[in-house]
Amino acid sequence: MNKIYAINGPVIKVKASKAFSMLEMVYVGNKKLIGEVIGIDDEYTVIQVYEETAGMKVGEPVEPTGGPLCANLGPGIVSGIFDGIERPLTAMRELSGAFVTEGSAIESLDQIKKYNVTVNVQVGDKVNEGEIFARCPETALIEHRCMIPPGIKDWVVFYAKSNGQYTVIDEIIKIKSPDGSSELSLTMTQRWPIRKPRPMARRKQLEKPLITGQRIIDTVLPVAKGGTAAIPGGFGTGKTMTQHQVAKWCDADIIVYIGCGERGNEMTQVLTEFAELIDPKSGRPLTDRTVLIANTSNMPVAAREASIYTGMTLAEYYRDMGYHIAIMADSTSRWAEALREISARLEEMPAEEGFPAYLPSRLAEFYERAGYVETLSGDEGSVTIIGAVSPQGSDFSEPVTQNTKRFVRCFWALDKSLAYSRHYPAIHWLTSYSEYIDDLEPFYKNNVGDDFIESRQRIQTLLIEESKLVEIVKLIGEDVLPDDQKLIMAIAKVIRVGFLQQNAFHKDDTFVPLKKQLYMMRAILKLYDLSNNALRRGVVIRKITESGWFEKLIKMKYDIPNENYDIFDLYDREINLLFSNL
């Protein structure tokens with residue numbers, strides 16, 4: 001029998017054993033805690049345990065399972081709340097109360113609940129990997145599509161149940177290999193190793209934006225559907241709030257929210273708010289298309305490290321059904337800290353700030369699993385990753401932020417001064433960037449307006465010009481600036497306050513369609529161009545700014561309802577009339 005030789009927090013050693021394989025899932029101790037083999041040499045097998053090891057003794061047994069740590073995939077995931085190793089927290093609360101107890105052997109999916117299943121195949125049909133053999137309504141918004149497992153080519157159905165009510169463990173169909181030598185029974189569930197990416201037919205170009213309704217994101221710093229974005233920011237700058245707003249309004253079919261090492265009260269707030277939020281597109285509760293993985297800071301660090309991979313595997317599973325998924329990982333810094341703690345207990349050589357040398361490769365593995373793909377069944381699906389980063393003291397030069405920048409193409413840097421002045425979202429337009437502009441340009445031109453990209457670039461140029469002038473104003477004051485530079489300062493304020501700042505509690509401003517965003521930019525740039533022409537004719541800047549139109553355009557986000565574009569035409573005529581009389 002394999003026995004525990006040494007215990008160091010979540011790290012267990014077994015001496016002189018040949019029974020284990022790398023990344024194999026094992027049961028540790030008398031309570032059968034879930035663990036994973038992370039190191040093997042001639043002398044020791046090293047195991048990380050995903051549960052609390054307090055009270056465990058040397059000499060307790062360690063049992064191999066013969067397979068890797070896997071996620072259970074099937075109906076019941078959407079609207080569920082799980083811990084880092086996919087144990088359902090609602091069911092665990094009924095079993096053990098408010099705190100998770102060690103060794104809680106509980107199934108991820110409800111094996112008693114019955115679903116109305118429609119079987120899509122008949123006896124004699126040939127099936128291939130990724131094909132949908134059965135469907136059932138998982139929630140009011142999501143249809144679950146049961147797929148043939150990867151690796152199956154031209155197998156034949158020789159048994160199929162009729163449509164009816166079945167549980168996730170009921171046998172639905174049986175298939176056999178082309179030569180008849182192998183048979184396989186398929187239920188509505190399958191298992192998949194969490195550290196192994198699920199297969200797809202091919203990756204596709206990123207050509208569509210993830211539309212969020214947030215102007216600073218959609219217009220200035222867009223992220224592509226199937227792309228990656230990072231939200232770095234210090235304490236109190238609004239990382240979680242920004243992710244909540246994106247989760248509520250973005251045009252993804254399913255949201256996977258991974259609370260990785262966050263404070264318990266913050267995760268409680270997430271769970272409470274998501275349960276109360278109404279999905280604006282359907283009128284149903286937002287939980288009907290949300291998966292929550294809650295791994296708080298007082299839970300074992302090894303489970304925190306696994307939670308990222310669990311969430312990603314669930315997202316890829318629904319991507320393979322043809323859905324578009326958005327992952328909110330909050331926060332990858334806590335995940336990196338879990339890596340650092342485990343690395344220290346393994347006595348590995350530390351790299352910068354104590355993080356392990358393999359931190360960059362682990363971050364790359366995570367973000368590389370995003371993408372817009374053609375699935376094995378020929379459908380399209382995507383996984384978009386939006387990861388929050390929590391640099392200590394808002395220091396963006398620390399290792400997690402710097403290495404994350406290497407692997408994401410969209411960087412939404414939150415600014416402390418913006419957050420403290422109640423400018424939300426507190427994404428700073430100068431320290432942030434998006435590399436998706438060129439990829440998305442055809443979409444914006446064909447679906448929003450020919451001048452969308454040009455207007456966006458002009459808006460950015462004015463903000464850059466303002467930042468240069470601010471330095472001069474700090475030294476010598478605004479009064480000494482020439483009128484054309486005073487105009488830039490005035491119009492940049494309209495852009496910052498009237499366009500980039502957004503009110504999540506206002507019925508029209510919480511989500512703004514792309515077309516309205518374009519009309520708002522046109523109105524601001526029209527005012528700027530006419531003002532510039534008036535200055536050239538000798539009109540003084542004071543006369544222009546006292547017209548009231550700068551304040552009126554700041555308020556247009558509230559005054560003009562969404563989809564009511566006729567008012568913009570009225571504004572256009574009034575501005576023309578004003579400047580023709582100046």
# chains A, B, ... in the order shown; residues from 1 in each chain; ligands from 1
call {"tool": "residues_around", "arguments": {"residues": "Glu273 of chain A", "least_positions_apart": "5", "cutoff": "10 Å", "atoms": "only C-alpha atoms", "output": "mmCIF file with C-alpha atoms, in the first residue's frame"}}
result
data_model
loop_
_atom_site.group_PDB
_atom_site.id
_atom_site.type_symbol
_atom_site.label_atom_id
_atom_site.label_comp_id
_atom_site.auth_asym_id
_atom_site.auth_seq_id
_atom_site.Cartn_x
_atom_site.Cartn_y
_atom_site.Cartn_z
ATOM 1 C CA HIS A 244 -19.988 42.603 -13.827
ATOM 2 C CA MET A 267 -17.936 36.470 -3.778
ATOM 3 C CA THR A 268 -21.106 36.562 -1.663
ATOM 4 C CA ILE A 278 -32.333 40.284 -15.008
ATOM 5 C CA LEU A 286 -29.032 36.324 -15.578
ATOM 6 C CA THR A 287 -28.195 33.051 -13.778
#
call {"tool": "atom_distance", "arguments": {"atom1": "atom CA of Ala19 of chain A", "atom2": "atom CA of Val62 of chain A"}}
result
10.1 Å
call {"tool": "residues_around", "arguments": {"residues": "segment 124-136 of chain A", "least_positions_apart": "4", "cutoff": "7 Å", "atoms": "only C-alpha atoms", "output": "PDB file with C-alpha atoms, in the first residue's frame"}}
result
ATOM      1  CA  TYR A 115     -34.569  16.344 -18.463  1.00  0.00           C
ATOM      2  CA  ASN A 116     -36.853  16.303 -21.507  1.00  0.00           C
ATOM      3  CA  VAL A 117     -34.485  14.709 -24.017  1.00  0.00           C
ATOM      4  CA  THR A 118     -34.905  14.768 -27.805  1.00  0.00           C
ATOM      5  CA  VAL A 119     -32.772  12.061 -29.452  1.00  0.00           C
ATOM      6  CA  ASN A 120     -31.396  13.183 -32.843  1.00  0.00           C
ATOM      7  CA  GLU A 143     -30.358  24.261 -24.875  1.00  0.00           C
ATOM      8  CA  HIS A 144     -27.923  21.506 -23.909  1.00  0.00           C
ATOM      9  CA  ARG A 145     -26.501  19.609 -26.881  1.00  0.00           C
ATOM     10  CA  CYS A 146     -25.028  16.191 -26.109  1.00  0.00           C
ATOM     11  CA  MET A 147     -22.062  15.502 -28.393  1.00  0.00           C
ATOM     12  CA  ILE A 148     -20.282  12.404 -29.648  1.00  0.00           C
ATOM     13  CA  PRO A 149     -16.903  12.286 -27.802  1.00  0.00           C
ATOM     14  CA  PRO A 150     -13.679  13.239 -29.644  1.00  0.00           C
ATOM     15  CA  GLY A 151     -11.911  10.406 -31.478  1.00  0.00           C
ATOM     16  CA  ILE A 152     -15.052   8.748 -32.888  1.00  0.00           C
ATOM     17  CA  LYS A 153     -15.021   8.303 -36.721  1.00  0.00           C
ATOM     18  CA  ASP A 154     -17.847   6.615 -38.666  1.00  0.00           C
ATOM     19  CA  TRP A 155     -19.160   4.601 -35.741  1.00  0.00           C
ATOM     20  CA  VAL A 156     -22.638   3.104 -36.151  1.00  0.00           C
ATOM     21  CA  VAL A 157     -25.625   3.560 -33.832  1.00  0.00           C
ATOM     22  CA  PHE A 158     -27.077   0.139 -32.914  1.00  0.00           C
ATOM     23  CA  LEU A 376     -15.893  19.425 -34.790  1.00  0.00           C
ATOM     24  CA  SER A 377     -19.550  19.435 -35.887  1.00  0.00           C
TER      25      SER A 377
END
call {"tool": "residues_around", "arguments": {"residues": "Glu465 of chain A", "least_positions_apart": "6", "cutoff": "9 Å", "atoms": "only C-alpha atoms", "output": "JSON, numbers by chain"}}
result
{"A": [485, 488, 489, 492]}
call {"tool": "closest_residue", "arguments": {"among": "A:Leu418, A:Leu481, A:Ile255, A:Ala388", "to": "Lys405 of chain A", "atoms": "only C-alpha atoms"}}
result
A:Ala388
call {"tool": "closest_residue", "arguments": {"among": "A:Glu374, A:Asp529, A:Glu574, A:Glu365", "to": "Pro199 of chain A", "atoms": "only C-alpha atoms"}}
result
A:Glu374
call {"tool": "closest_residue", "arguments": {"among": "A:Gly261, A:Gly322, A:Pro75, A:Pro68", "to": "Tyr27 of chain A", "atoms": "only C-alpha atoms"}}
result
A:Pro68
call {"tool": "residues_around", "arguments": {"residues": "Lys225 of chain A", "least_positions_apart": "6", "cutoff": "12 Å", "atoms": "only C-alpha atoms", "output": "ChimeraX atom specification"}}
result
/A:204-212,218,250-253,323-327,370-373,380-386,410,436,439-440,443
call {"tool": "write_last_selection", "arguments": {"atoms": "C-alpha atoms", "output": "compact mmCIF listing (two decimals), in the first residue's frame"}}
result
# COMPACT_ATOMS: atom_id res chain seq x y z
CA LYS A 204 -10.94 31.21 -37.37
CA GLN A 205 -9.99 34.85 -37.89
CA LEU A 206 -11.13 37.22 -35.16
CA GLU A 207 -13.45 39.51 -37.14
CA LYS A 208 -16.36 40.32 -34.78
CA PRO A 209 -16.22 42.47 -31.64
CA LEU A 210 -17.58 41.37 -28.29
CA ILE A 211 -20.21 44.11 -28.02
CA THR A 212 -20.51 45.28 -24.42
CA ASP A 218 -16.63 49.17 -27.86
CA CYS A 250 -22.03 41.64 -23.59
CA ASP A 251 -23.43 39.63 -26.50
CA ALA A 252 -22.01 36.28 -25.33
CA ASP A 253 -24.46 33.39 -24.96
CA TYR A 323 -22.20 28.88 -28.19
CA HIS A 324 -20.18 32.05 -27.64
CA ILE A 325 -18.70 32.15 -24.14
CA ALA A 326 -17.18 34.99 -22.13
CA ILE A 327 -14.94 34.05 -19.20
CA ALA A 370 -9.35 31.51 -26.03
CA GLY A 371 -10.37 31.68 -29.68
CA TYR A 372 -13.07 31.80 -32.33
CA VAL A 373 -13.27 28.28 -33.74
CA GLU A 380 -18.99 28.28 -34.92
CA GLY A 381 -18.21 28.95 -31.28
CA SER A 382 -15.89 31.17 -29.29
CA VAL A 383 -14.30 31.65 -25.88
CA THR A 384 -13.38 35.22 -24.93
CA ILE A 385 -11.21 35.62 -21.80
CA ILE A 386 -11.33 38.79 -19.70
CA CYS A 410 -6.33 44.10 -25.19
CA TYR A 436 -7.88 44.29 -32.46
CA ASP A 439 -9.09 43.02 -37.41
CA LEU A 440 -12.45 44.60 -36.55
CA PHE A 443 -17.08 44.83 -39.20
call {"tool": "select_by_dssp", "arguments": {"residues": "segment 120-220 of chain A", "states": "strand (DSSP E or B)", "output": "PyMOL selection string"}}
result
chain A and resi 126-127+132-137+143-147+155-160+164-166+173-176+183-186+190-193+202-203+209
call {"tool": "atom_distance", "arguments": {"atom1": "atom CA of Ser390 of chain A", "atom2": "atom CA of Thr313 of chain A"}}
result
23.8 Å
call {"tool": "closest_atom_pairs", "arguments": {"of": "segment 321-351 of chain A", "to": "segment 232-240 of chain A", "cutoff": "10 Å", "atoms": "only C-alpha atoms", "output": "JSON lines"}}
result
{"residue": "A:Met328", "atom": "CA", "partner": "A:Thr240", "partner_atom": "CA", "distance": 9.1}
{"residue": "A:Ala329", "atom": "CA", "partner": "A:Thr240", "partner_atom": "CA", "distance": 9.6}
{"residue": "A:Asp330", "atom": "CA", "partner": "A:Thr240", "partner_atom": "CA", "distance": 7.1}
{"residue": "A:Ser331", "atom": "CA", "partner": "A:Thr240", "partner_atom": "CA", "distance": 8.9}
{"residue": "A:Thr332", "atom": "CA", "partner": "A:Pro232", "partner_atom": "CA", "distance": 9.8}
{"residue": "A:Ser333", "atom": "CA", "partner": "A:Pro232", "partner_atom": "CA", "distance": 9.5}
call {"tool": "select_by_dssp", "arguments": {"residues": "segment 130-299 of chain A", "states": "alpha helix (DSSP H)", "output": "VMD selection string"}}
result
chain A and resid 215 239 to 249 264 to 276
call {"tool": "write_last_selection", "arguments": {"atoms": "N, CA, C and O atoms", "output": "mmCIF file, in the first residue's frame"}}
result
data_model
loop_
_atom_site.group_PDB
_atom_site.id
_atom_site.type_symbol
_atom_site.label_atom_id
_atom_site.label_comp_id
_atom_site.auth_asym_id
_atom_site.auth_seq_id
_atom_site.Cartn_x
_atom_site.Cartn_y
_atom_site.Cartn_z
ATOM 1 N N ARG A 215 -18.944 52.407 -23.932
ATOM 2 C CA ARG A 215 -18.334 53.197 -25.009
ATOM 3 C C ARG A 215 -16.811 53.147 -24.991
ATOM 4 O O ARG A 215 -16.180 53.062 -26.046
ATOM 5 N N LYS A 239 -12.302 46.773 -10.840
ATOM 6 C CA LYS A 239 -12.104 45.598 -11.709
ATOM 7 C C LYS A 239 -13.348 44.720 -11.730
ATOM 8 O O LYS A 239 -13.876 44.383 -12.789
ATOM 9 N N THR A 240 -13.795 44.338 -10.535
ATOM 10 C CA THR A 240 -14.958 43.439 -10.439
ATOM 11 C C THR A 240 -16.208 44.118 -11.006
ATOM 12 O O THR A 240 -17.006 43.482 -11.704
ATOM 13 N N MET A 241 -16.371 45.398 -10.731
ATOM 14 C CA MET A 241 -17.540 46.127 -11.225
ATOM 15 C C MET A 241 -17.549 46.170 -12.760
ATOM 16 O O MET A 241 -18.600 45.983 -13.397
ATOM 17 N N THR A 242 -16.372 46.400 -13.350
ATOM 18 C CA THR A 242 -16.287 46.421 -14.814
ATOM 19 C C THR A 242 -16.626 45.056 -15.392
ATOM 20 O O THR A 242 -17.354 44.950 -16.388
ATOM 21 N N GLN A 243 -16.120 43.993 -14.761
ATOM 22 C CA GLN A 243 -16.434 42.646 -15.231
ATOM 23 C C GLN A 243 -17.927 42.347 -15.096
ATOM 24 O O GLN A 243 -18.522 41.709 -15.966
ATOM 25 N N HIS A 244 -18.550 42.807 -13.997
ATOM 26 C CA HIS A 244 -19.988 42.603 -13.827
ATOM 27 C C HIS A 244 -20.765 43.272 -14.952
ATOM 28 O O HIS A 244 -21.713 42.692 -15.497
ATOM 29 N N GLN A 245 -20.385 44.496 -15.287
ATOM 30 C CA GLN A 245 -21.092 45.248 -16.320
ATOM 31 C C GLN A 245 -20.933 44.565 -17.674
ATOM 32 O O GLN A 245 -21.886 44.463 -18.453
ATOM 33 N N VAL A 246 -19.720 44.096 -17.969
ATOM 34 C CA VAL A 246 -19.482 43.384 -19.228
ATOM 35 C C VAL A 246 -20.264 42.071 -19.244
ATOM 36 O O VAL A 246 -20.890 41.713 -20.252
ATOM 37 N N ALA A 247 -20.249 41.344 -18.123
ATOM 38 C CA ALA A 247 -20.965 40.069 -18.045
ATOM 39 C C ALA A 247 -22.460 40.260 -18.285
ATOM 40 O O ALA A 247 -23.107 39.454 -18.966
ATOM 41 N N LYS A 248 -23.016 41.340 -17.743
ATOM 42 C CA LYS A 248 -24.452 41.568 -17.868
ATOM 43 C C LYS A 248 -24.844 41.941 -19.291
ATOM 44 O O LYS A 248 -25.880 41.481 -19.796
ATOM 45 N N TRP A 249 -24.039 42.748 -19.971
ATOM 46 C CA TRP A 249 -24.485 43.350 -21.222
ATOM 47 C C TRP A 249 -23.828 42.795 -22.479
ATOM 48 O O TRP A 249 -24.311 43.054 -23.582
ATOM 49 N N GLY A 264 -14.214 36.437 0.576
ATOM 50 C CA GLY A 264 -15.482 35.728 0.709
ATOM 51 C C GLY A 264 -16.683 36.644 0.610
ATOM 52 O O GLY A 264 -17.678 36.321 -0.041
ATOM 53 N N ASN A 265 -16.582 37.834 1.243
ATOM 54 C CA ASN A 265 -17.735 38.751 1.190
ATOM 55 C C ASN A 265 -17.950 39.285 -0.225
ATOM 56 O O ASN A 265 -19.070 39.555 -0.634
ATOM 57 N N GLU A 266 -16.854 39.421 -0.999
ATOM 58 C CA GLU A 266 -16.996 39.885 -2.377
ATOM 59 C C GLU A 266 -17.673 38.821 -3.244
ATOM 60 O O GLU A 266 -18.530 39.129 -4.078
ATOM 61 N N MET A 267 -17.290 37.548 -3.030
ATOM 62 C CA MET A 267 -17.936 36.470 -3.778
ATOM 63 C C MET A 267 -19.405 36.339 -3.380
ATOM 64 O O MET A 267 -20.261 36.052 -4.224
ATOM 65 N N THR A 268 -19.705 36.577 -2.101
ATOM 66 C CA THR A 268 -21.106 36.562 -1.663
ATOM 67 C C THR A 268 -21.898 37.630 -2.400
ATOM 68 O O THR A 268 -23.034 37.399 -2.837
ATOM 69 N N GLN A 269 -21.280 38.802 -2.556
ATOM 70 C CA GLN A 269 -21.933 39.891 -3.285
ATOM 71 C C GLN A 269 -22.171 39.494 -4.742
ATOM 72 O O GLN A 269 -23.240 39.760 -5.296
ATOM 73 N N VAL A 270 -21.179 38.834 -5.365
ATOM 74 C CA VAL A 270 -21.329 38.381 -6.747
ATOM 75 C C VAL A 270 -22.500 37.406 -6.859
ATOM 76 O O VAL A 270 -23.370 37.542 -7.723
ATOM 77 N N LEU A 271 -22.530 36.420 -5.957
ATOM 78 C CA LEU A 271 -23.581 35.402 -6.013
ATOM 79 C C LEU A 271 -24.954 36.028 -5.794
ATOM 80 O O LEU A 271 -25.925 35.675 -6.456
ATOM 81 N N THR A 272 -25.027 36.976 -4.862
ATOM 82 C CA THR A 272 -26.311 37.629 -4.566
ATOM 83 C C THR A 272 -26.760 38.494 -5.736
ATOM 84 O O THR A 272 -27.919 38.437 -6.167
ATOM 85 N N GLU A 273 -25.824 39.294 -6.279
ATOM 86 C CA GLU A 273 -26.178 40.203 -7.375
ATOM 87 C C GLU A 273 -26.574 39.444 -8.635
ATOM 88 O O GLU A 273 -27.535 39.792 -9.307
ATOM 89 N N PHE A 274 -25.809 38.400 -8.968
ATOM 90 C CA PHE A 274 -26.122 37.646 -10.179
ATOM 91 C C PHE A 274 -27.487 36.972 -10.065
ATOM 92 O O PHE A 274 -28.185 36.823 -11.063
ATOM 93 N N ALA A 275 -27.854 36.572 -8.856
ATOM 94 C CA ALA A 275 -29.163 35.933 -8.668
ATOM 95 C C ALA A 275 -30.292 36.941 -8.863
ATOM 96 O O ALA A 275 -31.400 36.570 -9.260
ATOM 97 N N GLU A 276 -30.020 38.230 -8.586
ATOM 98 C CA GLU A 276 -31.063 39.257 -8.686
ATOM 99 C C GLU A 276 -31.111 39.928 -10.054
ATOM 100 O O GLU A 276 -32.127 40.502 -10.429
#
call {"tool": "closest_residue", "arguments": {"among": "A:Ser181, A:Thr404, A:Gln460, A:Gln501", "to": "Ala419 of chain A", "atoms": "only C-alpha atoms"}}
result
A:Gln501
call {"tool": "residues_around", "arguments": {"residues": "segment 347-354 of chain A", "least_positions_apart": "6", "cutoff": "9 Å", "atoms": "only C-alpha atoms", "output": "PDB file with N, CA and C atoms, in the first residue's frame"}}
result
ATOM      1  N   ARG A 340       2.742  30.509  -6.628  1.00  0.00           N
ATOM      2  CA  ARG A 340       3.948  30.878  -5.870  1.00  0.00           C
ATOM      3  C   ARG A 340       4.028  30.100  -4.561  1.00  0.00           C
ATOM      4  N   GLU A 341       2.876  29.959  -3.883  1.00  0.00           N
ATOM      5  CA  GLU A 341       2.894  29.246  -2.600  1.00  0.00           C
ATOM      6  C   GLU A 341       3.217  27.766  -2.793  1.00  0.00           C
ATOM      7  N   GLU A 398       4.907  44.930 -12.003  1.00  0.00           N
ATOM      8  CA  GLU A 398       5.123  43.659 -11.287  1.00  0.00           C
ATOM      9  C   GLU A 398       4.928  42.481 -12.252  1.00  0.00           C
ATOM     10  N   PRO A 399       5.437  41.273 -11.909  1.00  0.00           N
ATOM     11  CA  PRO A 399       5.539  40.170 -12.885  1.00  0.00           C
ATOM     12  C   PRO A 399       4.221  39.706 -13.490  1.00  0.00           C
TER      13      PRO A 399
END
call {"tool": "residues_around", "arguments": {"residues": "Ser297 of chain A", "least_positions_apart": "3", "cutoff": "9 Å", "atoms": "only C-alpha atoms", "output": "PDB file with N, CA and C atoms, in the first residue's frame"}}
result
ATOM      1  N   CYS A 260     -11.506  33.651  -8.338  1.00  0.00           N
ATOM      2  CA  CYS A 260     -10.305  32.893  -7.980  1.00  0.00           C
ATOM      3  C   CYS A 260      -9.541  33.602  -6.862  1.00  0.00           C
ATOM      4  N   GLY A 261      -9.738  33.146  -5.628  1.00  0.00           N
ATOM      5  CA  GLY A 261      -8.995  33.702  -4.503  1.00  0.00           C
ATOM      6  C   GLY A 261      -9.484  35.047  -4.042  1.00  0.00           C
ATOM      7  N   GLU A 262     -10.705  35.435  -4.447  1.00  0.00           N
ATOM      8  CA  GLU A 262     -11.251  36.721  -3.991  1.00  0.00           C
ATOM      9  C   GLU A 262     -11.777  36.591  -2.560  1.00  0.00           C
ATOM     10  N   ARG A 263     -12.031  37.742  -1.934  1.00  0.00           N
ATOM     11  CA  ARG A 263     -12.543  37.750  -0.566  1.00  0.00           C
ATOM     12  C   ARG A 263     -13.931  37.118  -0.523  1.00  0.00           C
ATOM     13  N   GLY A 264     -14.214  36.437   0.576  1.00  0.00           N
ATOM     14  CA  GLY A 264     -15.482  35.728   0.709  1.00  0.00           C
ATOM     15  C   GLY A 264     -16.683  36.644   0.610  1.00  0.00           C
ATOM     16  N   PRO A 300      -8.427  26.109  -0.003  1.00  0.00           N
ATOM     17  CA  PRO A 300      -7.060  25.630  -0.262  1.00  0.00           C
ATOM     18  C   PRO A 300      -6.465  26.211  -1.546  1.00  0.00           C
ATOM     19  N   VAL A 301      -5.163  26.543  -1.486  1.00  0.00           N
ATOM     20  CA  VAL A 301      -4.510  27.212  -2.617  1.00  0.00           C
ATOM     21  C   VAL A 301      -4.437  26.321  -3.843  1.00  0.00           C
ATOM     22  N   ARG A 304      -7.473  26.658  -5.793  1.00  0.00           N
ATOM     23  CA  ARG A 304      -7.474  27.963  -6.468  1.00  0.00           C
ATOM     24  C   ARG A 304      -6.727  27.865  -7.787  1.00  0.00           C
ATOM     25  N   ARG A 334      -4.399  36.368  -7.907  1.00  0.00           N
ATOM     26  CA  ARG A 334      -4.570  35.412  -6.799  1.00  0.00           C
ATOM     27  C   ARG A 334      -4.188  34.001  -7.251  1.00  0.00           C
TER      28      ARG A 334
END
call {"tool": "atom_distance", "arguments": {"atom1": "atom CA of Leu414 of chain A", "atom2": "atom CA of Tyr433 of chain A"}}
result
11.7 Å
